[in-house]
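Working notes for the structure below.
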Amino acid sequence: MFAEVIVDIPAAQVNRPFTYEVPENYQFSIDIGMRVEVPFGSRQLMGIVVKFLPKIDPALAGKIRPITRLLDYQSFLNEELIELSYDMTEELQTFHITVLSAMLPSMLKVKYETVFKLLDSAAYQSQLADWRLSSEIFETIPRESLEAKLSAGQIKQLLDAGIIEVEYRVLNQARKKYIETIQLAQPVDVLEEALAGLDGRSHKQRDLLSYLLEHAAELPLASKQVLEATAVSRSTLKTMAEKGWLELAQQEVYRDPLAEQTLHKTQARPLTEEQAAAYQAILPAIENHEPKTFLIEGVTGSGKTEIYLQLMERVRQLGQTAILLVPEIALTPQMVGRVTGRFEKGVAVLHSGLSVAEKYDEWRRIINGDASIVVGARSSIFAPLANIGLIIIDEEHETTYKQSDNPRYHALDVAKWRAKYHQAPLVLASATPSIESRARGEVGNYELLRLTQRVNQRPLPPIEIVDMTQVAVQETLNEFSPRLQAAIQERLAKQEQVVLMLNRRGYASSILCRECGHVMQCPRCDISLTYHKAEHQLKCHYCDYHQGVPSTCPNCQSHYLRTQGMGTQRIAETLQELFPEASVVRMDNDTTRRKGQHRKLLDTFGRGEADILLGTQMIAKGLDFEKVTLVGVINADTSLSIPDFRAGEKTFQLLTQVSGRAGRGEFPGEVIIQTYNPDHYVMQLVKDHNYEGFFYSEMQRRHLTNYPPYYYTSLITVKSKHQGKAMRRIYDIKTQLARPEWLANDQLHILGPSQGAIARINDHYYYQLLLKYKQKDAIHAGVQEVFAKIQEDAKQGVYISIDHNPLQFI
Ligand SMILES: Nc1ncnc2c1ncn2[C@@H]1O[C@H](COP(=O)(O)OP(=O)(O)OP(=O)(O)O)[C@@H](O)[C@H]1O
Ligand SMILES: [Zn+2]
Ligand SMILES: [Zn+2]
C-alpha cells in the first residue's frame with residue numbers, strides 16, 4: 001500500500017503530494033489526515049496523508065521510500081476536509097501544507113508527548129493474554145514504552161475497542177495550571193488522637209486539623225480554600241506538613257471552559273410571526289437536504305438567536321450536526337450562554353481563550369461524536385463534524401471571519417463549500433449584512449428573509465445626531481455635549497442604564513507639541529505612537545516599539561506637550577467629574593486583557609451593579625441588557641477616514657449595531673450620536689434605521705467606482721527592508737499583470753503601485769497593487785506566475801503576499 005503525503009515545506013516546488021510506501025505494521029492503523037514522519041532528501045519531515053494508492057506505476061518501484069513513522073493514532077482531518085483543502089489551496093493561491101495546518105487543532109502545533117491511558121484493565125489483561133504477552137496495569141504509559149511492546153496494529157485494536165485511549169500532554173509547562181491541595185498523611189483516628197494532644201498554644205494548628213478532619217470525605221481540598229476558611233497562615237500549614245500529618249500536592253486543573261458561567265436553562269419560545277416565517281422558510285431545506293444559502297436581515301433585537309436555536313434543535317432531532325459561527329467568543333458570552341442553556345449536552349465551544357488541553361478535549365468530543373453542535377469563532381468552520389445538517393454564521397458582516405494572514409480564507413466561503421458537500425443549508429444573519437451578501441440576496445443568489453420588527457412590538461430606539469461643530473463653538477470643555485449630559489443625568493435619576501461607546505477604529509491618542517505641532521512617531525514605522533496612560537508609555541501598534549514619554553519636544557525642546565485625542569480612561573475620568581454618584585464599568589483592551597475579564601465586567605453591568613458601561617467598539621455587538629435605555633456614541637467619525645472603500649459600510653454597521661443595544665426591554669430606548677459630520681450620508685441613514693437605503697446608495701457608489709460586488713478585488717503587497725527592491729518588484733508585477741487583453745473592455749483595473757497606508761512598518765517598506773477585475777480565472781492564472789516565484793523573491797529579501805477579496809488595507 002502507498003500513501004500520498006503533503007510535506008511540511010511551504011514552497012512552490014513541493015506544493016504537491018509525494019508518494020511513500022506504507023510499512024506493513026502501519027497498514028491497519030494509518031488513516032487519511034494523520035500526520036506522519038517521512039524522509040525527504042536527506043531530512044526527516046512532518047507530512048500529512050491525503051490519499052492512499054493501492055499500487056503505483058511500476059516504473060517508480062524502487063524509488064519510493066517508506067514512511068518513517070506515524071505521529072498520530074487518530075486523524076483530525078476527515079476525507080471531506082482533505083478534499084476541501086485541495087480546493088482552498090487553489091482558490092487562495094497558497095501552499096497546501098499551509099491550508100492543512102490551519103485546519104488542524106492548535107493542540108498539534110505545540111510540543112506535547114503522547115501517552116496511552118488505560119480505560120478497561122480487565123479487557124486489557126485478557127487481550128494481552130490472548131496475544132501471549134504479559135500485562136501490567138497502568139494508568140498512563142508513555143507512547144514509546146507501549147509501542148516497544150505491541151505492534152501498531154495491536155495498539156489500534158485496543159484503541160478501537162475502547163480499552164485504551166490516546167492522550168496528548170503538553171510539554172510547555174507554563175500553560176498548565178496547577179493548584180496546591182491538602183490531603184491527610186495519616187489515618188483519621190491517628191490524627192484525632194494528635195488533635196486531642198495539641199496544647200493550648202497551638203490553637204492555629206488545632207483549627208486547621210479539626211477543619212480537615214471534619215471535611216475528611218471531601219479531601220483533597222485546595223490549600224487556598226482551606227486557609228481562607230480557617231483563617232490560618234501558610235506557615236502553620238507548612239509546619240503541619242513537616243510533622244508528617246498533612247500532605248501537600250500539586251494538582252493539574254483542566255478548567256471547564258463554561259464552568260464559571262452559570263447555565264440558565266431555557267425552553268423554546270413561541271416564535272413571533274416574522275420569526276416563524278423565517279424558520280418555516282429554512283426548515284424544508286434542512287429536511288430535504290438542500291444546500292441553499294439564506295440571508296436573515298433582521299433588525300437588532302428581532303430575535304435571530306431564537307431562530308438559530310430552534311433550527312438547531314430540529315437538526316438534532318434528525319440525528320445531524322450543526323455549526324454556529326460567532327465573530328469572537330470572548331465578545332459574545334451571552335450567545336454561548338444561550339446555546340449551552342438550551343442544549344446542555346453535546347455542545348462544543350471552541351475559541352482562542354481555551355487552554356490547549358481544553359481545546360483538545362473539545363476536539364476529541366467532536367471527533368468521537370459526543371458533540372453535535374459546535375459554537376466557535378472563525379477556525380471552528382473546520383470542526384471535523386460528520387453529517388452536518390446546518391451551518392449558521394451570526395453577524396455575518398464581521399471582518400473577523402476572514403483570516404488576515406496565510407491562508408487568507410473567509411469562513412463564509414468555507415461554509416458554502418461544506419454546506420454543499422453535506423447538502424445542508426447555510427444561514428447568514430445580521431442586522432447590517434455586508435454589501436456583498438445583501439447584493440446576493442437582491443439577485444436571488446441567497447434567499448433573503450427580513451425581520452423588520454423587534455420582538456414584542458418593542459420599537460427601535462429613536463436616534464438623535466448631535467452636531468459637535470456647533471457644540472465646539474459654544475466651547476464645551478469636554479467630550480460630552482449638553483444634550484448627551486442631560487440624557488445621562490436623566491437615566492441616572494430613573495436608575496436606568498447607559499451604554500457609551502468611544503469609536504476607536506482608525507483612531508489613537510498621541511502626544512502632540514503645542515508649540516511646533518510635532519507628533520511623536522515610531523522610529524521604525526511611519527505612524528504616530530499611541531499614548532498608554534496606565535504605563536505612562538508611548539507604544540507603536542504595528543511593531544513592538546515603546547518608549548517613555550519625553551519631557552520636552554524632540555523637535556523644538558518645548559515643554560508644552562499634551563495628549564491629543566482621548567482614551568476610554570480619560571472619558572471615564574470626565575464621567576466621574578460630571579456624575580460623581582454614577583458607577584462606571586470601563587471596557588477596552590486594557591481592562592479585558594485577562595482571561596474571563598470581559599465576561600465578568602459584563603456580568604457586573606448585567607446585574608445592575610453599574611450605571612454606565614463605557615467601552616470601545618467591543619461593546620457594540622450582541623449585548624442584550626433590558627435596563628439599557630440610552631446609548632451614546634462619543635465620536636462617530638473616526639472610522640469614516642480609514643483608507644478603505646468599506647469605511648462607510650463599517651461605520652454604518654458599527655453605529656447601527658451599537659444603537660441596537662438600547663431599549664431592548666420593557667422601557668423604551670434612545671440613542672445620541674455625536675459627530676463632526678452630521679450631514680454625511682452614513683449619519684443620516686443610521687439616524688433613520690435605514691439599512692435598505694444605505695444598501696442601495698452604497699451599491700451606487702460601488703458601481704461608479706468599480707468595487708465589489710461589481711468587481712472582484714485582489715491585493716498584492718510587496719515588502720522589503722530595501723525600498724528600491726520593493727519598488728522594482730511591484731512595478732515588475734504590474735507590468736506582468738497589465739496584459740492588454742485583460743485591460744480592454746474594463747476587464748481589469750490596476751490601482752497603484754502605491755505605498756501602503758502606513759508606508760513603513762518595522763523597517764519594512766510596503767507597496768501595493770489593488771486589482772479589480774471581472775473574470776476570476778484569467779487573473780488568477782496571471783497571479784499564479786507571481787505566486788510561483790514567492791520563494792525566489794523571499795531569498796532576495798522581498799516578501800510578497802496575495803490576498804483575494806481583501807478586507808484590510810494596511
Ligand atoms: N419569540 C420570542 N418571544 C419572546 N422573547 C423573545 C423571542 N425571541 C427572542 N426573544 C428575546 O428577545 C431579545 C432579543 O433577541 P436576540 O438577542 O436574539 O436578538 P437579535 O436579533 O440577535 O439581536 P442583535 O442583532 O441585536 O444581537 C432577547 O432577550 C430574546 O431572549
Ligand atoms: Zn515642538
Ligand atoms: Zn512601529
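Going by the C-alpha cells order, chains are called A, B, ..., each with residues numbered from 1, while ligands are numbered from 1 in the order shown.
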
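Neighbouring residues of Tyr731 in chain A at 12 Å or closer, counting only C-alpha atoms and skipping chain neighbours under 6 positions away, are Ile716, Thr717, Val718, Gly724, Lys725, Leu737, Ala738, Ile750, Leu751, Gly752, Pro753, Ser754, Tyr767, Gln768 and Leu769 of chain A.
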
Which residues of chain A have any atom within 12 Å of an atom in ligand 3 when counting only C-alpha atoms and all ligand atoms, and what is the closest pair of atoms for each, with the distance in Å to one decimal? Order the rows by chain and rising number and write it as a tab-separated table.
```
residue	atom	partner	partner_atom_place_in_ligand_line	distance
A:Met520	CA	ligand 3	1 (Zn)	11.5
A:Gln521	CA	ligand 3	1 (Zn)	8.3
A:Cys522	CA	ligand 3	1 (Zn)	4.9
A:Pro523	CA	ligand 3	1 (Zn)	6.6
A:Arg524	CA	ligand 3	1 (Zn)	4.9
A:Cys525	CA	ligand 3	1 (Zn)	4.3
A:Asp526	CA	ligand 3	1 (Zn)	7.4
A:Ile527	CA	ligand 3	1 (Zn)	7.1
A:Ser528	CA	ligand 3	1 (Zn)	8.4
A:Leu529	CA	ligand 3	1 (Zn)	7.7
A:Thr530	CA	ligand 3	1 (Zn)	10.1
A:Leu538	CA	ligand 3	1 (Zn)	10.6
A:Lys539	CA	ligand 3	1 (Zn)	7.8
A:Cys540	CA	ligand 3	1 (Zn)	4.5
A:His541	CA	ligand 3	1 (Zn)	6.5
A:Tyr542	CA	ligand 3	1 (Zn)	5.0
A:Cys543	CA	ligand 3	1 (Zn)	4.1
A:Asp544	CA	ligand 3	1 (Zn)	6.3
A:Tyr545	CA	ligand 3	1 (Zn)	5.3
A:His546	CA	ligand 3	1 (Zn)	8.2
A:Gln547	CA	ligand 3	1 (Zn)	11.0
A:Ile758	CA	ligand 3	1 (Zn)	10.2
A:Ala759	CA	ligand 3	1 (Zn)	11.2
A:Arg760	CA	ligand 3	1 (Zn)	8.5
A:Ile761	CA	ligand 3	1 (Zn)	5.9
A:Asn762	CA	ligand 3	1 (Zn)	5.3
A:Asp763	CA	ligand 3	1 (Zn)	8.1
A:His764	CA	ligand 3	1 (Zn)	10.2
```

Can you tell me, as a PDB file with N, CA and C atoms, in the first residue's frame, which residues in range 606-677 of chain A count as alpha helix (DSSP H) by DSSP?
```pdb
ATOM      1  N   GLY A 606     -24.643  43.628  33.896  1.00  0.00           N
ATOM      2  CA  GLY A 606     -25.918  42.927  33.703  1.00  0.00           C
ATOM      3  C   GLY A 606     -26.700  42.791  35.002  1.00  0.00           C
ATOM      4  N   ALA A 647     -15.041  51.963   4.336  1.00  0.00           N
ATOM      5  CA  ALA A 647     -15.113  52.798   5.545  1.00  0.00           C
ATOM      6  C   ALA A 647     -16.561  53.186   5.875  1.00  0.00           C
ATOM      7  N   GLY A 648     -17.318  53.570   4.858  1.00  0.00           N
ATOM      8  CA  GLY A 648     -18.716  53.956   5.081  1.00  0.00           C
ATOM      9  C   GLY A 648     -19.537  52.785   5.592  1.00  0.00           C
ATOM     10  N   GLU A 649     -19.333  51.633   4.984  1.00  0.00           N
ATOM     11  CA  GLU A 649     -20.063  50.435   5.392  1.00  0.00           C
ATOM     12  C   GLU A 649     -19.735  50.065   6.835  1.00  0.00           C
ATOM     13  N   LYS A 650     -18.447  50.087   7.158  1.00  0.00           N
ATOM     14  CA  LYS A 650     -18.026  49.723   8.514  1.00  0.00           C
ATOM     15  C   LYS A 650     -18.630  50.676   9.538  1.00  0.00           C
ATOM     16  N   THR A 651     -18.642  51.964   9.211  1.00  0.00           N
ATOM     17  CA  THR A 651     -19.177  52.942  10.150  1.00  0.00           C
ATOM     18  C   THR A 651     -20.685  52.761  10.318  1.00  0.00           C
ATOM     19  N   PHE A 652     -21.371  52.540   9.212  1.00  0.00           N
ATOM     20  CA  PHE A 652     -22.819  52.321   9.291  1.00  0.00           C
ATOM     21  C   PHE A 652     -23.111  51.105  10.176  1.00  0.00           C
ATOM     22  N   GLN A 653     -22.380  50.029   9.947  1.00  0.00           N
ATOM     23  CA  GLN A 653     -22.609  48.803  10.719  1.00  0.00           C
ATOM     24  C   GLN A 653     -22.360  49.034  12.202  1.00  0.00           C
ATOM     25  N   LEU A 654     -21.238  49.675  12.497  1.00  0.00           N
ATOM     26  CA  LEU A 654     -20.874  49.896  13.894  1.00  0.00           C
ATOM     27  C   LEU A 654     -21.931  50.735  14.615  1.00  0.00           C
ATOM     28  N   LEU A 655     -22.339  51.820  13.991  1.00  0.00           N
ATOM     29  CA  LEU A 655     -23.292  52.719  14.646  1.00  0.00           C
ATOM     30  C   LEU A 655     -24.671  52.053  14.787  1.00  0.00           C
ATOM     31  N   THR A 656     -25.066  51.295  13.782  1.00  0.00           N
ATOM     32  CA  THR A 656     -26.361  50.620  13.858  1.00  0.00           C
ATOM     33  C   THR A 656     -26.335  49.542  14.943  1.00  0.00           C
ATOM     34  N   GLN A 657     -25.234  48.777  14.986  1.00  0.00           N
ATOM     35  CA  GLN A 657     -25.129  47.713  15.984  1.00  0.00           C
ATOM     36  C   GLN A 657     -25.174  48.285  17.395  1.00  0.00           C
ATOM     37  N   VAL A 658     -24.410  49.346  17.630  1.00  0.00           N
ATOM     38  CA  VAL A 658     -24.364  49.867  18.995  1.00  0.00           C
ATOM     39  C   VAL A 658     -25.711  50.512  19.357  1.00  0.00           C
ATOM     40  N   SER A 659     -26.354  51.150  18.391  1.00  0.00           N
ATOM     41  CA  SER A 659     -27.668  51.731  18.663  1.00  0.00           C
ATOM     42  C   SER A 659     -28.650  50.645  19.089  1.00  0.00           C
TER      43      SER A 659
END
```

Problem set entry | Who sits within 9 Å of Ser583 in chain A, only C-alpha atoms, same chain under 2 positions skipped, as JSON, numbers by chain | {"A": [576, 579, 580, 581, 585, 609, 610, 611, 612, 613]}

Exercise. Do you know which residues are within 9 Å of ligand 2 using only C-alpha atoms and all ligand atoms? Can you write them as a PyMOL selection string?
Worked result: chain A and resi 512-519+552-561
